[in-house]
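Colleague: File data-v2.txt below, compact mmCIF, C-alpha atoms and all ligand atoms:
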# COMPACT_ATOMS: atom_id res chain seq x y z
CA MET O 1209 8.48 -3.87 -53.36
CA SER O 1210 6.00 -2.26 -50.94
CA LYS O 1211 3.40 0.20 -52.21
CA SER O 1212 3.24 3.73 -50.88
CA ILE O 1213 0.82 3.97 -47.94
CA THR O 1214 -0.47 7.14 -46.27
CA PHE O 1215 -1.91 7.08 -42.75
CA THR O 1216 -4.49 9.60 -41.60
CA VAL O 1217 -5.33 9.82 -37.92
CA GLN O 1218 -8.34 11.77 -36.66
CA PRO O 1219 -8.14 13.41 -33.26
CA SER O 1220 -9.16 10.46 -31.08
CA ALA O 1221 -10.37 10.49 -27.50
CA SER O 1222 -9.05 7.47 -25.67
CA LEU O 1223 -7.49 4.01 -25.91
CA ASN O 1224 -9.08 1.11 -24.07
CA GLY O 1225 -8.77 -2.66 -24.18
CA VAL O 1226 -6.49 -5.66 -23.95
CA VAL O 1227 -4.05 -6.54 -26.73
CA ARG O 1228 -1.12 -8.80 -27.41
CA VAL O 1229 1.27 -7.11 -29.81
CA PRO O 1230 3.34 -9.31 -32.16
CA GLY O 1231 6.55 -11.11 -31.32
CA ASP O 1232 9.88 -9.48 -30.53
CA LYS O 1233 11.80 -8.57 -33.67
CA SER O 1234 15.28 -9.02 -32.23
CA MET O 1235 14.47 -12.47 -30.87
CA SER O 1236 12.66 -13.50 -34.05
CA HIS O 1237 15.75 -12.76 -36.16
CA ARG O 1238 17.99 -14.65 -33.76
CA SER O 1239 15.65 -17.64 -33.55
CA ILE O 1240 16.00 -18.16 -37.31
CA MET O 1241 19.76 -17.58 -37.33
CA LEU O 1242 20.57 -19.89 -34.43
CA GLY O 1243 17.88 -22.45 -35.31
CA SER O 1244 19.41 -22.70 -38.80
CA ILE O 1245 22.90 -23.53 -37.55
CA ALA O 1246 21.70 -25.81 -34.75
CA ASP O 1247 21.65 -29.59 -34.87
CA GLY O 1248 18.03 -30.76 -34.95
CA VAL O 1249 14.62 -29.22 -35.45
CA THR O 1250 13.77 -25.95 -33.71
CA HIS O 1251 10.13 -24.93 -33.20
CA VAL O 1252 9.40 -21.26 -32.68
CA LYS O 1253 6.16 -19.79 -31.30
CA GLY O 1254 5.41 -16.06 -31.30
CA PHE O 1255 7.65 -15.45 -34.34
CA LEU O 1256 7.20 -11.94 -35.78
CA GLN O 1257 5.66 -12.35 -39.22
CA ALA O 1258 6.86 -9.02 -40.53
CA GLU O 1259 9.14 -8.03 -43.39
CA ASP O 1260 12.37 -7.66 -41.39
CA ALA O 1261 12.27 -11.07 -39.71
CA MET O 1262 11.11 -12.58 -43.02
CA SER O 1263 14.24 -11.13 -44.68
CA THR O 1264 16.34 -13.18 -42.27
CA LEU O 1265 14.17 -16.26 -42.83
CA LYS O 1266 14.46 -16.00 -46.63
CA ALA O 1267 18.24 -15.50 -46.39
CA PHE O 1268 18.63 -18.80 -44.53
CA ARG O 1269 16.35 -20.60 -46.96
CA ALA O 1270 18.62 -19.29 -49.71
CA MET O 1271 21.52 -20.93 -47.85
CA GLY O 1272 19.84 -24.32 -47.96
CA VAL O 1273 17.94 -24.37 -44.67
CA GLU O 1274 14.45 -25.82 -44.75
CA ILE O 1275 12.16 -23.46 -42.85
CA THR O 1276 8.39 -23.76 -42.88
CA GLU O 1277 6.21 -20.82 -43.85
CA PRO O 1278 5.24 -19.15 -40.55
CA VAL O 1279 1.57 -19.60 -39.59
CA ASN O 1280 0.14 -17.73 -36.60
CA GLY O 1281 3.69 -17.10 -35.39
CA GLU O 1282 4.69 -20.76 -35.53
CA VAL O 1283 7.68 -21.73 -37.59
CA THR O 1284 9.85 -24.84 -37.78
CA ILE O 1285 13.52 -24.70 -38.70
CA HIS O 1286 15.35 -27.82 -39.83
CA GLY O 1287 18.82 -26.92 -38.55
CA VAL O 1288 21.78 -27.84 -40.74
CA GLY O 1289 24.43 -27.63 -38.01
CA LYS O 1290 27.14 -25.07 -37.47
CA HIS O 1291 28.96 -25.94 -40.70
CA GLY O 1292 25.97 -26.89 -42.83
CA LEU O 1293 25.07 -23.62 -44.57
CA GLN O 1294 25.42 -23.63 -48.34
CA ALA O 1295 26.53 -20.86 -50.68
CA PRO O 1296 23.53 -18.83 -51.85
CA THR O 1297 23.23 -18.62 -55.62
CA GLU O 1298 22.26 -14.92 -55.55
CA PRO O 1299 22.95 -11.90 -53.34
CA LEU O 1300 20.98 -12.05 -50.09
CA TYR O 1301 18.47 -9.17 -50.19
CA LEU O 1302 17.73 -8.02 -46.64
CA GLY O 1303 15.22 -5.25 -47.33
CA ASN O 1304 15.10 -2.62 -44.56
CA SER O 1305 16.66 -4.82 -41.90
CA GLY O 1306 19.82 -3.56 -40.22
CA THR O 1307 19.76 -6.45 -37.76
CA SER O 1308 19.79 -9.00 -40.58
CA MET O 1309 22.70 -7.33 -42.34
CA ARG O 1310 24.89 -6.68 -39.32
CA LEU O 1311 24.38 -10.06 -37.64
CA LEU O 1312 24.68 -11.99 -40.90
CA SER O 1313 27.95 -10.25 -41.76
CA GLY O 1314 29.41 -11.80 -38.58
CA LEU O 1315 27.84 -15.19 -39.05
CA LEU O 1316 28.89 -15.44 -42.69
CA ALA O 1317 32.41 -13.96 -42.49
CA GLY O 1318 33.87 -17.30 -41.37
CA GLN O 1319 32.01 -19.66 -43.74
CA ASN O 1320 33.68 -21.57 -46.54
CA PHE O 1321 31.74 -19.70 -49.24
CA ASP O 1322 31.40 -16.15 -50.54
CA CYS O 1323 28.21 -14.11 -50.56
CA THR O 1324 26.84 -10.61 -51.01
CA LEU O 1325 24.41 -8.81 -48.71
CA THR O 1326 22.16 -6.09 -50.15
CA GLY O 1327 19.28 -4.00 -48.86
CA ASP O 1328 16.78 -1.29 -49.71
CA GLU O 1329 17.63 2.39 -50.10
CA SER O 1330 17.57 3.10 -46.35
CA LEU O 1331 19.68 0.06 -45.43
CA SER O 1332 22.10 0.82 -48.27
CA GLY O 1333 22.79 4.20 -46.67
CA ARG O 1334 23.45 2.93 -43.15
CA PRO O 1335 26.95 2.65 -41.66
CA MET O 1336 28.46 -0.84 -41.97
CA ARG O 1337 32.09 -0.08 -41.03
CA ARG O 1338 31.02 -0.59 -37.45
CA VAL O 1339 30.81 -4.30 -38.33
CA THR O 1340 33.36 -4.63 -41.12
CA GLU O 1341 36.13 -3.06 -39.00
CA PRO O 1342 36.03 -5.53 -36.09
CA LEU O 1343 35.52 -8.38 -38.56
CA ALA O 1344 38.62 -7.25 -40.48
CA LEU O 1345 40.58 -7.43 -37.20
CA MET O 1346 39.48 -11.08 -37.06
CA GLY O 1347 40.82 -11.63 -40.56
CA ALA O 1348 37.52 -11.35 -42.43
CA GLN O 1349 37.48 -10.09 -45.98
CA ILE O 1350 34.50 -7.85 -46.67
CA GLU O 1351 34.23 -5.19 -49.34
CA THR O 1352 31.83 -2.28 -48.96
CA GLU O 1353 31.10 0.77 -51.07
CA THR O 1354 33.76 3.48 -50.61
CA ASN O 1355 31.70 5.17 -47.89
CA GLY O 1356 31.43 1.94 -45.90
CA THR O 1357 27.88 1.06 -46.91
CA ALA O 1358 26.22 -2.02 -48.44
CA PRO O 1359 26.34 -4.03 -50.63
CA LEU O 1360 28.70 -6.10 -48.50
CA HIS O 1361 30.75 -8.57 -50.53
CA ILE O 1362 31.92 -11.24 -48.09
CA LYS O 1363 34.76 -13.55 -49.07
CA GLY O 1364 34.32 -16.50 -46.75
CA THR O 1365 37.42 -16.96 -44.53
CA PRO O 1366 37.22 -20.21 -42.56
CA ASN O 1367 40.28 -19.31 -40.44
CA LEU O 1368 39.16 -16.22 -38.53
CA THR O 1369 41.04 -15.30 -35.36
CA GLY O 1370 39.40 -14.33 -32.07
CA ILE O 1371 39.72 -10.73 -30.84
CA ASP O 1372 39.14 -8.68 -27.70
CA TYR O 1373 36.87 -5.89 -28.87
CA VAL O 1374 35.78 -2.84 -26.94
CA LEU O 1375 32.63 -1.61 -28.66
CA PRO O 1376 33.10 2.00 -29.73
CA MET O 1377 29.33 2.66 -29.59
CA ALA O 1378 26.41 1.14 -27.69
CA SER O 1379 25.25 -1.36 -30.31
CA ALA O 1380 23.82 -4.82 -29.78
CA GLN O 1381 24.09 -5.42 -33.50
CA VAL O 1382 27.86 -4.87 -33.47
CA LYS O 1383 28.29 -6.94 -30.30
CA SER O 1384 26.21 -9.76 -31.80
CA CYS O 1385 28.08 -9.61 -35.10
CA VAL O 1386 31.44 -10.06 -33.36
CA LEU O 1387 30.16 -12.86 -31.09
CA LEU O 1388 28.61 -14.75 -34.02
CA ALA O 1389 31.89 -14.46 -35.95
CA GLY O 1390 33.62 -15.70 -32.78
CA MET O 1391 31.83 -19.04 -33.18
CA TYR O 1392 33.99 -19.57 -36.29
CA ALA O 1393 37.28 -18.12 -35.00
CA THR O 1394 40.28 -19.78 -33.39
CA GLY O 1395 40.96 -18.60 -29.85
CA THR O 1396 38.57 -16.62 -27.74
CA THR O 1397 36.53 -13.65 -28.91
CA THR O 1398 35.53 -11.16 -26.24
CA THR O 1399 33.31 -8.10 -26.51
CA ALA O 1400 33.32 -5.34 -23.90
CA GLU O 1401 30.55 -2.76 -23.78
CA LEU O 1402 30.76 0.76 -22.39
CA ALA O 1403 27.00 0.69 -21.78
CA PRO O 1404 24.75 -2.37 -21.66
CA THR O 1405 22.76 -3.16 -24.81
CA ARG O 1406 20.18 -5.85 -25.50
CA ASP O 1407 21.59 -9.28 -24.73
CA HIS O 1408 19.28 -11.57 -26.70
CA THR O 1409 22.18 -13.07 -28.67
CA GLU O 1410 24.03 -14.11 -25.53
CA ARG O 1411 20.87 -15.48 -23.90
CA MET O 1412 19.69 -17.37 -26.97
CA LEU O 1413 23.12 -18.86 -27.67
CA GLN O 1414 23.09 -20.19 -24.11
CA GLY O 1415 19.52 -21.43 -24.66
CA PHE O 1416 20.81 -23.48 -27.62
CA GLY O 1417 23.54 -24.88 -25.36
CA TYR O 1418 26.39 -22.86 -26.88
CA PRO O 1419 28.85 -21.72 -24.20
CA VAL O 1420 29.07 -17.95 -23.76
CA THR O 1421 30.92 -16.61 -20.74
CA ARG O 1422 29.45 -13.43 -19.35
CA ASN O 1423 31.17 -11.29 -16.79
CA ALA O 1424 30.13 -7.70 -16.00
CA ASN O 1425 30.25 -5.86 -19.35
CA LYS O 1426 32.07 -8.66 -21.20
CA ALA O 1427 30.93 -11.64 -23.23
CA SER O 1428 33.30 -14.31 -24.54
CA ILE O 1429 32.83 -17.14 -27.02
CA ASN O 1430 35.01 -19.58 -28.95
CA ASN O 1431 34.60 -22.06 -31.76
CA SER O 1432 34.37 -25.24 -29.73
CA GLY O 1433 30.64 -25.25 -29.00
CA LYS O 1434 27.62 -26.53 -30.89
CA LEU O 1435 23.97 -25.57 -30.92
CA THR O 1436 21.24 -28.06 -30.08
CA ALA O 1437 17.71 -27.40 -31.33
CA VAL O 1438 15.20 -26.07 -28.78
CA GLU O 1439 11.62 -24.85 -28.43
CA ILE O 1440 11.47 -21.05 -28.50
CA ASP O 1441 8.55 -18.95 -27.25
CA VAL O 1442 9.10 -15.36 -28.41
CA PRO O 1443 7.39 -12.78 -26.17
CA SER O 1444 5.65 -9.66 -27.51
CA ASP O 1445 7.95 -6.87 -28.62
CA ILE O 1446 8.24 -4.14 -25.99
CA SER O 1447 9.22 -1.82 -28.84
CA SER O 1448 5.78 -2.35 -30.40
CA ALA O 1449 4.02 -2.27 -27.02
CA ALA O 1450 5.66 1.15 -26.46
CA PHE O 1451 3.26 2.84 -28.90
CA PHE O 1452 0.31 1.85 -26.71
CA LEU O 1453 2.18 2.56 -23.46
CA VAL O 1454 2.56 6.14 -24.63
CA GLY O 1455 -0.87 6.25 -26.30
CA ALA O 1456 -2.81 5.16 -23.21
CA THR O 1457 -0.73 7.51 -21.06
CA ILE O 1458 -1.32 10.68 -23.10
CA ALA O 1459 -4.98 10.02 -24.05
CA LYS O 1460 -7.69 10.90 -21.53
CA ASN O 1461 -9.79 8.16 -19.86
CA SER O 1462 -7.61 5.34 -21.13
CA ALA O 1463 -6.73 1.93 -19.75
CA VAL O 1464 -4.85 -0.64 -21.81
CA THR O 1465 -3.43 -4.02 -20.90
CA LEU O 1466 -0.58 -5.35 -23.02
CA GLN O 1467 -0.17 -9.09 -22.67
CA HIS O 1468 2.96 -11.24 -22.63
CA VAL O 1469 5.46 -8.41 -23.15
CA GLY O 1470 9.18 -9.16 -23.17
CA MET O 1471 10.72 -7.52 -20.08
CA ASN O 1472 14.39 -8.20 -20.63
CA PRO O 1473 16.11 -5.53 -18.48
CA THR O 1474 18.18 -4.41 -21.47
CA ARG O 1475 14.92 -3.39 -23.18
CA THR O 1476 12.74 -1.80 -20.50
CA GLY O 1477 14.17 1.73 -20.56
CA VAL O 1478 10.91 2.99 -22.07
CA ILE O 1479 9.02 2.02 -18.92
CA ASP O 1480 11.61 3.70 -16.68
CA ILE O 1481 11.57 6.90 -18.74
CA LEU O 1482 7.76 7.08 -18.87
CA ARG O 1483 7.54 6.46 -15.12
CA LEU O 1484 10.07 9.23 -14.46
CA MET O 1485 7.74 11.49 -16.48
CA GLY O 1486 4.78 10.47 -14.31
CA ALA O 1487 3.23 7.58 -16.26
CA LYS O 1488 1.24 4.89 -14.47
CA ILE O 1489 2.42 1.53 -15.70
CA GLU O 1490 1.83 -1.58 -13.64
CA VAL O 1491 3.82 -4.74 -14.23
CA LEU O 1492 1.52 -7.73 -13.71
CA ASN O 1493 2.19 -11.44 -13.50
CA PRO O 1494 5.96 -11.33 -14.07
CA ARG O 1495 7.26 -14.70 -15.23
CA GLU O 1496 10.19 -16.22 -17.11
CA ILE O 1497 9.74 -17.96 -20.43
CA GLY O 1498 12.63 -19.62 -22.27
CA GLY O 1499 15.27 -17.61 -20.41
CA GLU O 1500 13.58 -14.23 -21.01
CA PRO O 1501 11.46 -12.29 -18.48
CA VAL O 1502 7.86 -11.62 -19.57
CA ALA O 1503 4.94 -9.72 -17.95
CA ASP O 1504 1.58 -8.11 -18.68
CA LEU O 1505 1.58 -4.32 -18.56
CA HIS O 1506 -1.40 -2.24 -17.44
CA VAL O 1507 -1.24 1.45 -18.33
CA THR O 1508 -3.71 4.22 -17.59
CA SER O 1509 -3.93 7.93 -18.49
CA SER O 1510 -1.74 10.31 -16.57
CA GLU O 1511 -0.36 13.83 -16.66
CA LEU O 1512 3.26 13.79 -17.73
CA HIS O 1513 5.99 16.24 -16.86
CA GLY O 1514 9.19 16.93 -18.78
CA ILE O 1515 12.49 15.45 -17.56
CA GLU O 1516 16.16 15.27 -18.41
CA ILE O 1517 16.33 11.71 -19.69
CA PRO O 1518 19.09 9.84 -17.79
CA GLN O 1519 21.80 8.96 -20.30
CA ALA O 1520 22.16 5.45 -18.90
CA LEU O 1521 18.61 4.70 -20.08
CA VAL O 1522 19.27 5.72 -23.70
CA PRO O 1523 20.59 2.38 -25.04
CA LEU O 1524 17.86 0.55 -23.10
CA ALA O 1525 15.13 2.51 -24.92
CA ILE O 1526 16.92 3.20 -28.20
CA ASP O 1527 14.06 2.18 -30.53
CA GLU O 1528 11.37 3.90 -28.45
CA PHE O 1529 12.50 7.53 -28.83
CA PRO O 1530 10.19 8.41 -31.72
CA VAL O 1531 7.14 7.71 -29.56
CA LEU O 1532 8.84 9.05 -26.40
CA PHE O 1533 9.21 12.38 -28.24
CA ILE O 1534 5.41 12.39 -28.65
CA ALA O 1535 5.08 11.79 -24.90
CA ALA O 1536 7.48 14.70 -24.33
CA ALA O 1537 5.33 16.99 -26.48
CA CYS O 1538 2.38 16.20 -24.16
CA ALA O 1539 4.38 16.63 -20.93
CA THR O 1540 4.39 19.92 -19.04
CA GLY O 1541 7.71 21.75 -19.22
CA LYS O 1542 10.81 20.72 -21.08
CA THR O 1543 12.18 17.28 -21.92
CA ILE O 1544 15.88 17.06 -22.70
CA LEU O 1545 17.57 14.13 -24.41
CA ILE O 1546 21.35 13.95 -24.76
CA GLY O 1547 23.76 11.13 -25.61
CA ALA O 1548 21.51 9.68 -28.31
CA GLU O 1549 23.58 10.25 -31.47
CA GLU O 1550 22.86 6.63 -32.47
CA LEU O 1551 19.33 7.81 -33.35
CA ARG O 1552 20.83 9.60 -36.34
CA VAL O 1553 21.82 6.31 -38.01
CA LYS O 1554 18.62 4.31 -37.59
CA GLU O 1555 16.21 3.63 -40.48
CA CYS O 1556 16.39 7.42 -40.91
CA ASP O 1557 17.87 10.27 -38.86
CA ARG O 1558 15.28 9.97 -36.11
CA ILE O 1559 16.37 13.19 -34.39
CA GLN O 1560 16.01 15.34 -37.49
CA VAL O 1561 12.88 13.69 -38.84
CA MET O 1562 10.98 13.64 -35.53
CA ALA O 1563 11.88 17.28 -34.83
CA ALA O 1564 10.69 18.32 -38.29
CA GLY O 1565 7.37 16.47 -37.85
CA LEU O 1566 6.82 17.87 -34.36
CA GLN O 1567 7.51 21.40 -35.62
CA THR O 1568 4.97 20.88 -38.42
CA LEU O 1569 2.43 19.98 -35.75
CA GLY O 1570 3.21 23.15 -33.78
CA ILE O 1571 5.54 21.74 -31.13
CA GLU O 1572 8.83 23.44 -30.23
CA ALA O 1573 11.50 20.84 -30.83
CA GLU O 1574 15.14 21.88 -30.95
CA VAL O 1575 17.65 19.54 -32.54
CA THR O 1576 20.99 19.18 -30.77
CA LYS O 1577 24.01 17.22 -31.97
CA ASP O 1578 23.12 14.14 -29.94
CA GLY O 1579 19.50 14.63 -28.93
CA MET O 1580 16.58 17.01 -28.73
CA ILE O 1581 14.92 19.54 -26.45
CA ILE O 1582 11.13 19.42 -26.60
CA ASN O 1583 8.80 21.92 -25.01
CA SER O 1584 5.28 20.97 -24.06
CA GLY O 1585 2.67 22.33 -26.43
CA THR O 1586 -0.58 21.71 -28.21
CA ILE O 1587 -0.35 19.20 -31.01
CA GLY O 1588 -2.02 20.59 -34.10
CA GLY O 1589 -2.83 18.87 -37.39
CA GLY O 1590 -0.87 18.70 -40.61
CA THR O 1591 1.09 16.47 -42.93
CA VAL O 1592 4.29 14.89 -41.70
CA ALA O 1593 6.90 12.78 -43.50
CA SER O 1594 7.91 9.44 -41.99
CA HIS O 1595 10.85 9.03 -44.40
CA GLY O 1596 9.87 5.39 -44.75
CA ASP O 1597 10.71 4.75 -41.09
CA HIS O 1598 8.19 2.42 -39.43
CA ARG O 1599 8.63 3.79 -35.94
CA ILE O 1600 8.30 7.44 -37.05
CA ALA O 1601 5.05 6.56 -38.83
CA MET O 1602 3.58 4.81 -35.78
CA ALA O 1603 4.76 7.55 -33.40
CA PHE O 1604 2.91 10.26 -35.33
CA ALA O 1605 -0.19 8.05 -35.51
CA ILE O 1606 -0.15 7.96 -31.69
CA ALA O 1607 0.16 11.77 -31.65
CA GLY O 1608 -3.41 11.77 -33.03
CA LEU O 1609 -4.63 10.94 -29.51
CA ARG O 1610 -3.80 14.50 -28.44
CA ALA O 1611 -4.07 16.33 -31.77
CA GLN O 1612 -6.46 19.22 -32.44
CA ALA O 1613 -6.91 18.29 -36.12
CA PRO O 1614 -6.21 15.32 -38.41
CA ILE O 1615 -2.59 14.29 -39.00
CA THR O 1616 -1.56 12.79 -42.32
CA ILE O 1617 1.60 10.68 -42.30
CA GLN O 1618 3.32 9.92 -45.58
CA ASN O 1619 5.21 6.85 -46.65
CA CYS O 1620 4.02 4.36 -44.02
CA ALA O 1621 4.40 1.06 -45.92
CA ASN O 1622 7.42 0.14 -43.79
CA VAL O 1623 5.21 -0.28 -40.72
CA ASN O 1624 5.10 -3.78 -42.20
CA THR O 1625 8.76 -4.26 -41.36
CA SER O 1626 8.06 -4.57 -37.63
CA PHE O 1627 4.34 -4.30 -36.83
CA PRO O 1628 1.97 -5.20 -39.68
CA GLU O 1629 -1.01 -5.41 -37.27
CA PHE O 1630 -0.46 -1.86 -35.96
CA GLN O 1631 -3.43 -0.25 -37.67
CA GLN O 1632 -5.80 -3.07 -36.77
CA LEU O 1633 -4.74 -3.23 -33.10
CA ALA O 1634 -4.64 0.56 -32.72
CA THR O 1635 -8.15 0.99 -34.15
CA SER O 1636 -9.45 -1.88 -31.98
CA LEU O 1637 -8.27 0.15 -28.96
CA GLY O 1638 -9.93 3.37 -30.21
CA LEU O 1639 -7.43 5.19 -32.44
CA GLU O 1640 -9.19 6.59 -35.51
CA LEU O 1641 -6.55 5.60 -38.03
CA THR O 1642 -7.13 4.95 -41.71
CA SER O 1643 -4.70 4.13 -44.47
CA ALA O 1644 -4.76 4.77 -48.21
CA GLU O 1645 -2.51 3.63 -51.04
C1 LIG O 1701 18.82 -4.46 -32.53
C2 LIG O 1701 19.70 -3.57 -31.96
C3 LIG O 1701 19.50 -2.11 -31.97
C4 LIG O 1701 18.09 -1.72 -32.37
C5 LIG O 1701 17.60 -2.53 -33.54
C6 LIG O 1701 17.61 -4.01 -33.22
C7 LIG O 1701 19.13 -5.90 -32.45
O1 LIG O 1701 20.39 -1.52 -32.88
O2 LIG O 1701 18.03 -0.33 -32.67
O3 LIG O 1701 16.27 -2.13 -33.86
O4 LIG O 1701 18.22 -6.72 -32.72
O5 LIG O 1701 20.25 -6.24 -32.11
P1 LIG O 1701 21.89 -1.16 -32.47
O6 LIG O 1701 22.45 -2.35 -31.86
O7 LIG O 1701 22.59 -0.76 -33.72
O8 LIG O 1701 21.75 -0.01 -31.52
Here is the file; what I need is its structure written in the form of structure tokens.
Ligand code: S3P
Modeller:
Amino acid sequence: MSKSITFTVQPSASLNGVVRVPGDKSMSHRSIMLGSIADGVTHVKGFLQAEDAMSTLKAFRAMGVEITEPVNGEVTIHGVGKHGLQAPTEPLYLGNSGTSMRLLSGLLAGQNFDCTLTGDESLSGRPMRRVTEPLALMGAQIETETNGTAPLHIKGTPNLTGIDYVLPMASAQVKSCVLLAGMYATGTTTTAELAPTRDHTERMLQGFGYPVTRNANKASINNSGKLTAVEIDVPSDISSAAFFLVGATIAKNSAVTLQHVGMNPTRTGVIDILRLMGAKIEVLNPREIGGEPVADLHVTSSELHGIEIPQALVPLAIDEFPVLFIAAACATGKTILIGAEELRVKECDRIQVMAAGLQTLGIEAEVTKDGMIINSGTIGGGTVASHGDHRIAMAFAIAGLRAQAPITIQNCANVNTSFPEFQQLATSLGLELTSAE
């Protein structure tokens, strides 16, 4: 179990330098999942060595897959084939990782063995009916707690049936869960999205040679394909880069280059939103690596102004709102977010917790049912609670770039779930951030 860690950030002047943030979390999870059920040996570069992706890795080891210990982001997976997973001898503990739990529930529903998925306190409070309901329509047998939360007890059902499923919320985890289950179901399984969400599952399945038909907002899969091992080069996580995109924008005299950032169009909403607010972000050297667009991003200080965030951009920037709220606090005028109720069921209620922290620091932040209204103000000092949410902790650390006094952020150990190098990279760029146990 992680120790309790407190961050303290001193008012810092500027951010300058060139960094490569760690690998994309979503792709890292999927590289282990698909590499494990592929035929042959998959090599991954740029793998995110952080607790969440390691939860997925350990789960597959527990199901009999030989996976090397990652070193400098390189990991080798000795795939066991689509039907080669073995029953784990113990419940699979997935820590803080919603992606692990929701994608694994789909992948494991159609196996010929039973298993149980568990997680930490935060994960054990998150809604899982959004995956168990479509899986039940496919014939899966999964028991949850009475309020639809983990542990998930999965009774393997090797004869799932394909479904046509219209996603009731914008969720790549739910879409991916259903598609992964569809690999083990008779007939065709089709997902339809009301708004586009990240499509790494569809892209990576195709990269492994597994047929996925994509048409407008629909993706279809059936059980006739197989996965063939590949080389995977995971780009840097735009969700981690976002902290420095905002940091270098709000701090005076700043210029930061972020190298090799994943630029999948289902993930770049943060750049669009910051640009609408007046940020200067240049996209350099765009290229395609392993079926995913990648670029270097150069960002310099700029004056931001408040906006009404276009609702269509919300799912494309869903993980970046904690730090976008900090940008909003530094922008002249009012920033209004609506249509973001999904933020309430992330690692914590990110609307409530960010508003409370901003108010502590002297910013007017009004909570609405599905978003927030933030007025520009002067960020003061104080002690804020991160509620064990990695992205809340890092967002308030970035607020230090415009704070009048030190900010103390409690309960930051979970930064290790997605970005263990955050403190080191942030201080190398000029943020005066210390941590204490
Ligand atoms: C993820 C999907 C998103 C995102 C999460 C990672 C994924 O969640 O918030 O951090 O890897 O599929 P939802 O799909 O539930 O919105």
Colleague: Here is a test: counting all atoms listed in the file, which residue of O:His1513, O:Arg1406, O:Arg1475, O:His1468 is nearest to ligand LIG 1701 (chain O)?
Modeller: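 For ligand LIG 1701 (chain O), the nearest of the given residues is O:Arg1406.
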Colleague: For ligand LIG 1701 (chain O), which of O:Leu1315, O:Ile1440, O:Val1522, O:Ile1546 is the closest residue, counting all atoms listed in the file?
Modeller: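 Smallest separation from ligand LIG 1701 (chain O) among the options: O:Val1522.
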Colleague: Counting only C-alpha atoms and all ligand atoms, name the residues that have an atom within 9 Å of an atom of ligand LIG 1701 (chain O); the answer should be given as a ChimeraX atom specification.
Modeller: /O:1233-1238,1305-1308,1310-1311,1377-1384,1405-1409,1447,1523,1525-1528,1550-1551,1553-1555
Colleague: Do you know which residues are at most 12 Å from O:Glu1516 counting only C-alpha atoms, after dropping those on the same chain fewer than 6 positions away, and could you put them as a ChimeraX atom specification?
Modeller: /O:1481-1482,1484-1485,1522,1536,1541-1547,1579-1583
Colleague: Taking into account all atoms listed in the file, which residue in the set O:Lys1426, O:Leu1360, O:Leu1505, O:Leu1402 is nearest to O:Leu1387?
Modeller: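 Nearest to O:Leu1387: O:Lys1426.
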Colleague: Show which residues sit within 9 Å of O:Ala1605, as a PyMOL selection string. Count only C-alpha atoms, and ignore same-chain residues fewer than 5 positions away.
Modeller: chain O and resi 1215-1217+1600+1615-1617+1639+1641
Colleague: Considering all atoms listed in the file, state which residue in the set O:Asp1480, O:Glu1572, O:Asp1445, O:Glu1511 is at the smallest distance from O:Pro1230.
Modeller: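 Looking at the shortest contact to O:Pro1230, the residue is O:Asp1445.
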Colleague: Which distance in Å separates atom CA of O:Gly1314 and atom CA of O:Met1336, to one decimal?
Modeller: 11.5 Å
Colleague: Which one is closest to O:Ile1458: O:Gly1608, O:Gly1333, O:Gly1417, O:Gly1370? Count all atoms listed in the file.
Modeller: O:Gly1608
Colleague: How many Å lie between atom CA of O:Thr1508 and atom CA of O:Phe1451, rounded to one decimal?
Modeller: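 These two atoms are separated by 13.4 Å.
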Colleague: Quick one: pull the distance between atom CA of O:Val1273 and atom CA of O:Val1288, Å, one decimal.
Modeller: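 Going from atom CA of O:Val1273 over to atom CA of O:Val1288, I get 6.5 Å.
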Colleague: For O:Thr1421, which residue among O:Glu1439, O:Thr1396, O:Ala1539, O:Phe1255 is the nearest when counting all atoms listed in the file?
Modeller: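 With all atoms listed in the file as the atom set, the closest residue is O:Thr1396.
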Colleague: Using only C-alpha atoms, which protein or nucleic acid residues come within 12 Å of O:Ala1621? Drop anything in the same chain fewer than 2 positions from it, and give the result as a PyMOL selection string.
Modeller: chain O and resi 1209-1215+1258-1259+1304+1594-1602+1617-1619+1623-1628+1630-1631+1643-1645
Colleague: For a quick check of your reading of the model, name the residues lying within 10 Å of the coordinate (3.2, 6.2, -28.3), counting all atoms listed in the file, and write them as a PyMOL selection string.
Modeller: chain O and resi 1448-1459+1528-1535+1599+1602-1609
Colleague: Kindly extract all protein, DNA and RNA residues lying within 9 Å of the coordinates (26.5, -23.7, -40.4) given in the file, considering only C-alpha atoms, and supply them as a list in words.
Modeller: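 Every polymer residue passing the test: Ser1244, Ile1245, Ala1246, Gly1287, Val1288, Gly1289, Lys1290, His1291, Gly1292, Leu1293, Gln1294, Leu1315, Leu1316 and Gln1319 of chain O.
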